[in-house]
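Participant: So that you have it, the file is run_30.csv, and it contains CSV, C-alpha atoms:
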chain,number,residue,atom,x,y,z
A,167,GLU,CA,-12.4,-16.1,6.2
A,168,PRO,CA,-9.6,-16.0,3.6
A,169,TYR,CA,-12.1,-14.9,0.9
A,170,TYR,CA,-14.5,-12.9,3.2
A,171,TYR,CA,-13.3,-9.5,1.9
A,172,HIS,CA,-14.5,-6.3,3.4
A,173,VAL,CA,-13.8,-2.6,3.0
A,174,VAL,CA,-12.1,-0.7,5.8
A,175,GLU,CA,-12.2,3.1,5.9
A,176,GLN,CA,-9.6,5.1,7.8
A,177,ASP,CA,-9.4,8.9,8.3
A,178,VAL,CA,-5.8,10.1,8.4
A,179,PHE,CA,-5.1,13.7,9.5
A,180,ILE,CA,-2.2,15.3,7.6
A,181,ARG,CA,-0.5,18.4,8.9
A,182,ASP,CA,-1.0,21.3,6.4
A,183,LEU,CA,-2.8,19.2,3.8
A,184,PRO,CA,-3.9,21.5,1.0
A,185,GLN,CA,-7.6,22.4,1.0
A,186,ALA,CA,-8.0,20.9,-2.5
A,187,PHE,CA,-7.0,17.5,-1.1
A,188,GLU,CA,-9.4,17.5,1.9
A,189,ASN,CA,-11.3,14.2,1.9
A,190,PHE,CA,-9.0,12.8,-0.9
A,191,ARG,CA,-9.7,9.1,-1.1
A,192,ILE,CA,-6.9,6.6,-1.6
A,193,THR,CA,-8.0,3.0,-2.0
A,194,GLN,CA,-5.1,0.6,-1.2
A,195,LEU,CA,-4.8,-2.9,-2.4
A,196,THR,CA,-2.0,-5.1,-1.2
A,197,ASP,CA,-0.8,-8.7,-1.1
A,198,VAL,CA,-3.3,-10.1,-3.6
A,199,HIS,CA,-1.0,-13.1,-4.1
A,200,HIS,CA,-2.5,-14.6,-7.2
A,201,SER,CA,-1.5,-18.3,-7.0
A,202,ARG,CA,-3.0,-21.8,-7.1
A,203,ILE,CA,-4.9,-21.0,-3.9
A,204,VAL,CA,-5.9,-17.4,-4.8
A,205,GLY,CA,-7.6,-17.6,-8.2
A,206,LEU,CA,-8.4,-15.0,-10.8
A,207,ASP,CA,-12.0,-15.0,-9.7
A,208,GLN,CA,-10.9,-13.8,-6.3
A,209,ILE,CA,-8.7,-11.1,-7.8
A,210,ARG,CA,-11.6,-9.9,-9.9
A,211,ARG,CA,-13.8,-9.7,-6.8
A,212,VAL,CA,-11.2,-7.6,-5.1
A,213,VAL,CA,-11.0,-5.3,-8.1
A,214,ASN,CA,-14.7,-4.8,-8.2
A,215,LEU,CA,-14.8,-4.0,-4.5
A,216,ALA,CA,-12.0,-1.5,-4.9
A,217,GLN,CA,-13.8,0.2,-7.8
A,218,SER,CA,-17.0,0.4,-5.7
A,219,THR,CA,-15.2,2.7,-3.2
A,220,LYS,CA,-15.0,5.5,-5.7
A,221,PRO,CA,-11.4,6.3,-5.1
A,222,ASP,CA,-9.5,9.5,-6.2
A,223,LEU,CA,-6.3,7.3,-6.4
A,224,ILE,CA,-5.6,3.7,-6.1
A,225,ALA,CA,-2.3,2.5,-4.4
A,226,LEU,CA,-1.0,-1.0,-5.0
A,227,THR,CA,1.7,-1.9,-2.4
A,228,GLY,CA,3.2,-5.1,-3.7
A,229,ASP,CA,3.1,-8.9,-3.7
A,230,TYR,CA,0.9,-9.5,-6.7
A,231,THR,CA,1.8,-13.2,-7.1
A,232,THR,CA,3.4,-16.1,-5.3
A,233,THR,CA,6.3,-18.2,-6.6
A,234,TYR,CA,5.3,-18.9,-10.2
A,235,ARG,CA,5.9,-16.6,-13.1
A,236,ARG,CA,2.8,-17.9,-15.0
A,237,PHE,CA,0.6,-16.0,-12.6
A,238,ILE,CA,2.1,-12.6,-13.3
A,239,GLU,CA,0.4,-11.7,-16.6
A,240,PRO,CA,-3.1,-12.9,-15.7
A,241,CYS,CA,-2.9,-11.0,-12.4
A,242,ALA,CA,-1.7,-7.8,-14.0
A,243,GLU,CA,-4.6,-8.1,-16.6
A,244,ALA,CA,-7.1,-8.5,-13.8
A,245,LEU,CA,-5.7,-5.5,-11.9
A,246,GLY,CA,-5.8,-3.6,-15.2
A,247,GLY,CA,-9.5,-3.2,-14.5
A,248,LEU,CA,-8.7,-0.7,-11.8
A,249,GLN,CA,-9.3,3.0,-12.6
A,250,ALA,CA,-9.1,6.2,-10.6
A,251,PRO,CA,-9.0,9.9,-11.7
A,252,GLU,CA,-5.5,10.4,-10.2
A,253,GLY,CA,-4.2,7.1,-11.5
A,254,VAL,CA,-3.3,3.6,-10.3
A,255,TRP,CA,0.1,3.6,-8.7
A,256,ALA,CA,2.2,0.6,-7.6
A,257,VAL,CA,5.4,-0.5,-5.9
A,258,LEU,CA,6.8,-4.0,-5.8
A,259,GLY,CA,7.0,-6.4,-2.8
A,260,ASN,CA,9.3,-9.1,-1.7
A,261,HIS,CA,7.4,-11.9,-3.4
A,262,ASP,CA,7.5,-10.0,-6.7
A,263,HIS,CA,11.3,-10.2,-6.5
A,264,TYR,CA,11.2,-13.9,-5.6
A,265,THR,CA,9.1,-14.5,-8.7
A,266,ASP,CA,10.3,-12.0,-11.4
A,267,SER,CA,10.4,-8.3,-10.6
A,268,GLU,CA,11.1,-7.2,-14.2
A,269,LEU,CA,8.3,-9.3,-15.7
A,270,THR,CA,6.0,-8.0,-13.0
A,271,ARG,CA,6.9,-4.4,-13.6
A,272,ARG,CA,6.4,-4.8,-17.4
A,273,ALA,CA,3.1,-6.6,-17.0
A,274,LEU,CA,1.6,-4.0,-14.7
A,275,GLU,CA,2.8,-1.2,-17.0
A,276,ARG,CA,1.1,-2.8,-20.0
A,277,ASN,CA,-2.1,-2.7,-18.0
A,278,HIS,CA,-1.9,1.0,-17.4
A,279,ILE,CA,-0.6,0.7,-13.9
A,280,LEU,CA,2.0,3.3,-13.0
A,281,ILE,CA,5.2,2.0,-11.3
A,282,LEU,CA,6.6,4.2,-8.6
A,283,ASN,CA,9.6,2.2,-7.5
A,284,ASN,CA,12.3,4.6,-6.1
A,285,ALA,CA,10.5,7.6,-7.7
A,286,ASN,CA,7.9,10.3,-7.0
A,287,THR,CA,5.3,12.4,-8.6
A,288,THR,CA,3.2,15.4,-7.8
A,289,LEU,CA,-0.6,15.5,-7.9
A,290,ARG,CA,-2.0,18.9,-8.6
A,291,ARG,CA,-5.4,20.5,-8.1
A,292,GLY,CA,-5.1,24.1,-9.1
A,293,SER,CA,-2.3,25.7,-7.1
A,294,ASP,CA,-2.5,22.9,-4.4
A,295,ALA,CA,-0.1,19.9,-4.5
A,296,LEU,CA,0.2,16.5,-2.9
A,297,GLN,CA,3.4,14.5,-3.4
A,298,LEU,CA,3.4,10.8,-3.9
A,299,ALA,CA,6.5,8.7,-3.6
A,300,GLY,CA,7.3,5.0,-3.8
A,301,ILE,CA,10.2,2.8,-2.6
A,302,ASP,CA,11.2,-0.6,-4.0
A,303,ASP,CA,11.2,-3.5,-1.6
A,304,TRP,CA,13.3,-2.8,1.4
A,305,SER,CA,14.0,-6.4,2.4
A,306,TRP,CA,15.7,-7.1,-1.0
A,307,ALA,CA,17.9,-4.0,-0.7
A,308,GLN,CA,16.3,-2.6,-3.8
A,309,ASN,CA,15.4,0.7,-2.2
A,310,ASP,CA,17.1,3.9,-3.3
A,311,TRP,CA,16.0,6.8,-1.0
A,312,ASN,CA,17.9,9.5,-2.9
A,313,ARG,CA,16.0,8.6,-6.1
A,314,ALA,CA,12.7,8.1,-4.4
A,315,PHE,CA,12.8,11.6,-2.8
A,316,HIS,CA,14.7,13.5,-5.6
A,317,GLY,CA,13.1,16.9,-6.0
A,318,VAL,CA,10.5,16.3,-3.2
A,319,ASP,CA,9.6,19.6,-1.3
A,320,GLN,CA,9.8,18.8,2.4
A,321,ASN,CA,7.4,21.7,3.1
A,322,ARG,CA,4.6,19.9,1.3
A,323,PRO,CA,2.8,16.7,2.4
A,324,THR,CA,4.1,13.4,1.0
A,325,VAL,CA,2.5,10.0,0.8
A,326,LEU,CA,4.9,7.1,0.5
A,327,LEU,CA,4.1,3.7,-0.9
A,328,SER,CA,6.3,1.0,0.7
A,329,HIS,CA,5.5,-2.8,0.7
A,330,GLN,CA,7.5,-3.1,4.0
A,331,PRO,CA,6.0,-1.2,7.0
A,332,GLY,CA,9.4,-1.4,8.8
A,333,VAL,CA,10.5,1.7,6.8
A,334,LEU,CA,8.8,3.7,9.5
A,335,ASP,CA,11.9,3.1,11.6
A,336,VAL,CA,14.4,4.5,9.1
A,337,ALA,CA,15.6,8.1,9.2
A,338,GLN,CA,14.7,8.8,5.6
A,339,THR,CA,11.0,8.6,6.2
A,340,GLN,CA,11.0,11.3,8.8
A,341,GLN,CA,10.0,13.8,6.1
A,342,VAL,CA,7.0,11.7,5.0
A,343,SER,CA,3.5,12.6,6.1
A,344,LEU,CA,2.0,9.1,5.6
A,345,ILE,CA,3.3,5.7,4.6
A,346,LEU,CA,1.0,3.0,3.1
A,347,SER,CA,2.2,-0.6,3.5
A,348,GLY,CA,1.2,-4.2,3.5
A,349,HIS,CA,3.3,-7.3,3.7
A,350,THR,CA,2.1,-8.6,7.1
A,351,HIS,CA,-1.4,-10.0,6.1
A,352,GLY,CA,-2.4,-8.7,9.5
A,353,GLY,CA,-0.6,-11.7,10.9
A,354,GLN,CA,-2.9,-13.9,8.7
A,355,VAL,CA,-3.8,-16.0,11.8
A,356,THR,CA,-4.4,-14.1,15.1
A,357,PHE,CA,-6.0,-15.0,18.4
A,358,PRO,CA,-7.7,-12.8,21.0
A,359,PHE,CA,-5.3,-11.6,23.8
A,360,VAL,CA,-2.4,-13.5,22.1
A,361,GLY,CA,-2.1,-11.9,18.7
A,362,ALA,CA,-0.4,-13.5,15.8
A,363,PRO,CA,1.8,-16.6,16.6
A,364,ALA,CA,4.0,-15.6,13.6
A,365,LYS,CA,5.3,-12.6,15.6
A,366,LEU,CA,7.4,-15.1,17.7
A,367,ALA,CA,9.3,-16.1,14.5
A,368,THR,CA,9.7,-12.7,12.7
A,369,LYS,CA,10.2,-9.0,13.4
A,370,ASP,CA,8.0,-8.2,10.4
A,371,LEU,CA,4.9,-8.1,12.6
A,372,LYS,CA,6.1,-5.1,14.7
A,373,TYR,CA,3.6,-3.1,12.7
A,374,ALA,CA,1.0,-5.8,11.9
A,375,HIS,CA,-2.1,-3.8,11.1
A,376,GLY,CA,-3.7,-0.4,11.4
A,377,LEU,CA,-2.4,3.1,12.0
A,378,PHE,CA,0.9,3.9,13.7
A,379,ARG,CA,2.8,7.1,14.3
A,380,ARG,CA,6.4,8.1,14.8
A,381,GLY,CA,6.8,11.9,15.3
A,382,GLU,CA,5.1,13.6,12.3
A,383,THR,CA,5.1,10.4,10.2
A,384,GLN,CA,2.1,8.2,10.2
A,385,LEU,CA,1.9,4.6,8.9
A,386,PHE,CA,-1.1,2.6,7.8
A,387,VAL,CA,-0.7,-1.1,7.4
A,388,SER,CA,-3.4,-3.0,5.5
A,389,SER,CA,-3.9,-6.7,6.1
A,390,GLY,CA,-4.3,-7.1,2.3
A,391,THR,CA,-6.5,-9.6,0.5
A,392,GLY,CA,-4.4,-12.7,-0.3
A,393,VAL,CA,-2.8,-15.6,1.6
A,394,ILE,CA,0.5,-17.5,1.4
A,395,GLY,CA,1.2,-21.1,2.6
A,396,LEU,CA,-2.3,-22.4,3.3
A,397,PRO,CA,-5.6,-20.8,2.3
A,398,ILE,CA,-6.3,-19.8,5.9
A,399,ARG,CA,-7.0,-16.6,7.7
A,400,PHE,CA,-8.3,-16.3,11.2
A,401,GLY,CA,-8.8,-13.1,13.1
A,402,ALA,CA,-7.2,-11.2,10.2
A,403,ARG,CA,-9.9,-10.7,7.7
A,404,PRO,CA,-8.8,-9.7,4.2
A,405,GLU,CA,-9.5,-6.1,3.4
A,406,ILE,CA,-9.6,-3.3,0.8
A,407,ALA,CA,-8.5,-0.2,2.7
A,408,VAL,CA,-9.8,3.3,1.9
A,409,ILE,CA,-7.7,6.1,3.3
A,410,ARG,CA,-9.4,9.4,3.5
A,411,LEU,CA,-7.0,12.4,3.9
A,412,ARG,CA,-8.1,15.1,6.3
A,413,ARG,CA,-6.6,18.4,7.1
A,414,GLU,CA,-4.7,18.8,10.4
A,415,LEU,CA,-4.0,22.5,10.9
A,416,ARG,CA,-1.0,23.9,12.8
A,417,ASP,CA,-1.7,25.2,16.3
A,418,SER,CA,-1.3,28.8,15.2
A,419,GLN,CA,-4.0,28.3,12.5
A,420,GLN,CA,-6.4,26.5,14.9
A,421,SER,CA,-6.1,29.4,17.4
A,422,GLY,CA,-6.5,32.0,14.7
Would you give me this structure, written as structure tokens?

Facilitator:
Amino acid sequence: EPYYYHVVEQDVFIRDLPQAFENFRITQLTDVHHSRIVGLDQIRRVVNLAQSTKPDLIALTGDYTTTYRRFIEPCAEALGGLQAPEGVWAVLGNHDHYTDSELTRRALERNHILILNNANTTLRRGSDALQLAGIDDWSWAQNDWNRAFHGVDQNRPTVLLSHQPGVLDVAQTQQVSLILSGHTHGGQVTFPFVGAPAKLATKDLKYAHGLFRRGETQLFVSSGTGVIGLPIRFGARPEIAVIRLRRELRDSQQSG
């Protein structure tokens, strides 16, 4: 199961999504964790699967390696095979800070991956716009919300990349339409009717996998593709997630 990758498709309805971004496809990769137990051949398989989804944009939500700096450059080179019309955008995760966040950032940038730590950009299709923001890892206190949302128009939809799904609970994300996160590995080991045993030891699994909502803000948590500790997954199959944005009109527009 740890290498039994599959593609998961998820429609997300966004309030007032511009018409030009209807059916916009974001392919999310997270927690690839290149290491002694997740080799480059597995990373390349994941890259090929991601490319086969024909994304408009690729979002990388952190934890590219585990523990050792020597895995950073090869992993970044393999991820450099990713391409999408609206770019490949990335934020860092907690393991990237454990290992070497600056080396990770530079390696990804050398491979044409755009880093969106505490920053934002605007995607444009004609007169329509979709805002994309990224926050650095929350658990390492590297997040800077003022920088991340500087210049963001709260009247336009915004997609936020955040390694940690717990940001759904902070006030600063109330202006966000959709958060894309990883970190949890879906629990990595889960059992029917019981869930993930790891949830007894950590609060990180409050949002373990799937789609969540708080007010107008939605959160999608991918189980990711890698493993840490032992090369084991059970009941939490590794995935490449494809998020398809759909228009959710206001009630007045629907009635009209």

Participant: Do you have the atom CA of Trp304 of chain A-atom CA of Arg272 of chain A distance handy?

Facilitator: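 Interatomic distance, atom CA of Trp304 of chain A to atom CA of Arg272 of chain A: 20.1 Å.
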
Participant: Counting all atoms listed in the file, what is within 10 Å of Gly259 of chain A, bar same-chain residues fewer than 3 positions away, as a ChimeraX atom specification?

Facilitator: /A:196-197,226-231,256,262-264,267,301-306,328-330,347-349

Participant: Please identify all polymer residues within 10 Å of Ile203 of chain A, counting all atoms listed in the file, omitting same-chain residues fewer than 6 positions from it, and present them as a PyMOL selection string.

Facilitator: chain A and resi 232+392-398

Participant: Each side padded by 4 Å, which centre and which edge lengths in Å (one decimal) define the axis-aligned box around the listed atoms of segment 315-330 of chain A? Give them as lines of an AutoDock Vina configuration file.

Facilitator:
center_x = 8.6
center_y = 9.3
center_z = -1.0
size_x = 20.2
size_y = 32.8
size_z = 18.0

Participant: In Å to one decimal, how far is atom CA of Val204 of chain A from atom CA of Gly353 of chain A?

Facilitator: 17.5 Å

Participant: When you count all atoms listed in the file, which of these residues is closest to Lys220 of chain A: A:Ala250, A:Val342, A:Ala242, A:Val198?

Facilitator: A:Ala250

Participant: Report, in Å to a single decimal, how far apart atom CA of Arg379 of chain A and atom CA of His351 of chain A are.

Facilitator: 19.4 Å

Participant: Return the single residue from A:Glu252, A:Glu243, A:Asp310, A:Glu175 that is closest to Thr219 of chain A, with distances computed using all atoms listed in the file.

Facilitator: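 Closest to Thr219 of chain A, using all atoms listed in the file: A:Glu175.
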
Participant: Pick out the closest residue to Thr339 of chain A from this set: A:Ala307, A:Leu385, A:Leu183, A:Ala374. Count all atoms listed in the file.

Facilitator: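 Counting all atoms listed in the file, the residue closest to Thr339 of chain A is A:Leu385.
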
Participant: Would you list the contacts of Tyr234 of chain A as a list in words, taking every protein, DNA or RNA residue within 12 Å and counting only C-alpha atoms, but skipping same-chain residues closer than 3 positions in sequence?

Facilitator: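 Close residues of Tyr234 of chain A: His199, His200, Ser201, Arg202, Tyr230, Thr231, Phe237, Ile238, Glu239, Pro240, Cys241, His261, Asp262, His263, Tyr264, Thr265, Asp266, Ser267, Leu269 and Thr270 of chain A.
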
Participant: Residues within 7 Å of Ile209 of chain A, please, as a ChimeraX atom specification. Count all atoms listed in the file; anything in the same chain fewer than 4 positions from it doesn't count.

Facilitator: /A:198,205,213,244

Participant: Need the shell around Gly317 of chain A: protein/DNA/RNA residues with any atom at most 10 Å away, counting only C-alpha atoms. Skip same-chain ones fewer than 3 positions apart. Format as number ranges by chain?

Facilitator: A: 285-287, 312-314, 320

Participant: Go through A:Val387, A:Leu298, A:Arg291, A:Leu344 one by one, measure the shortest atom-to-atom distance of each to Arg412 of chain A using all atoms listed in the file, and give the residue with the smallest value.

Facilitator: A:Leu344

Participant: So, with all atoms listed in the file as the atoms that count, which of A:Gly300, A:Pro221, A:Pro404, A:Pro323 lies closest to Thr383 of chain A?

Facilitator: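 The shortest atom-to-atom distance to Thr383 of chain A comes from A:Pro323.
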
Participant: When you count all atoms listed in the file, which of these residues is closest to Val318 of chain A: A:Thr288, A:Gln176, A:Ser293, A:Gln194?

Facilitator: A:Thr288
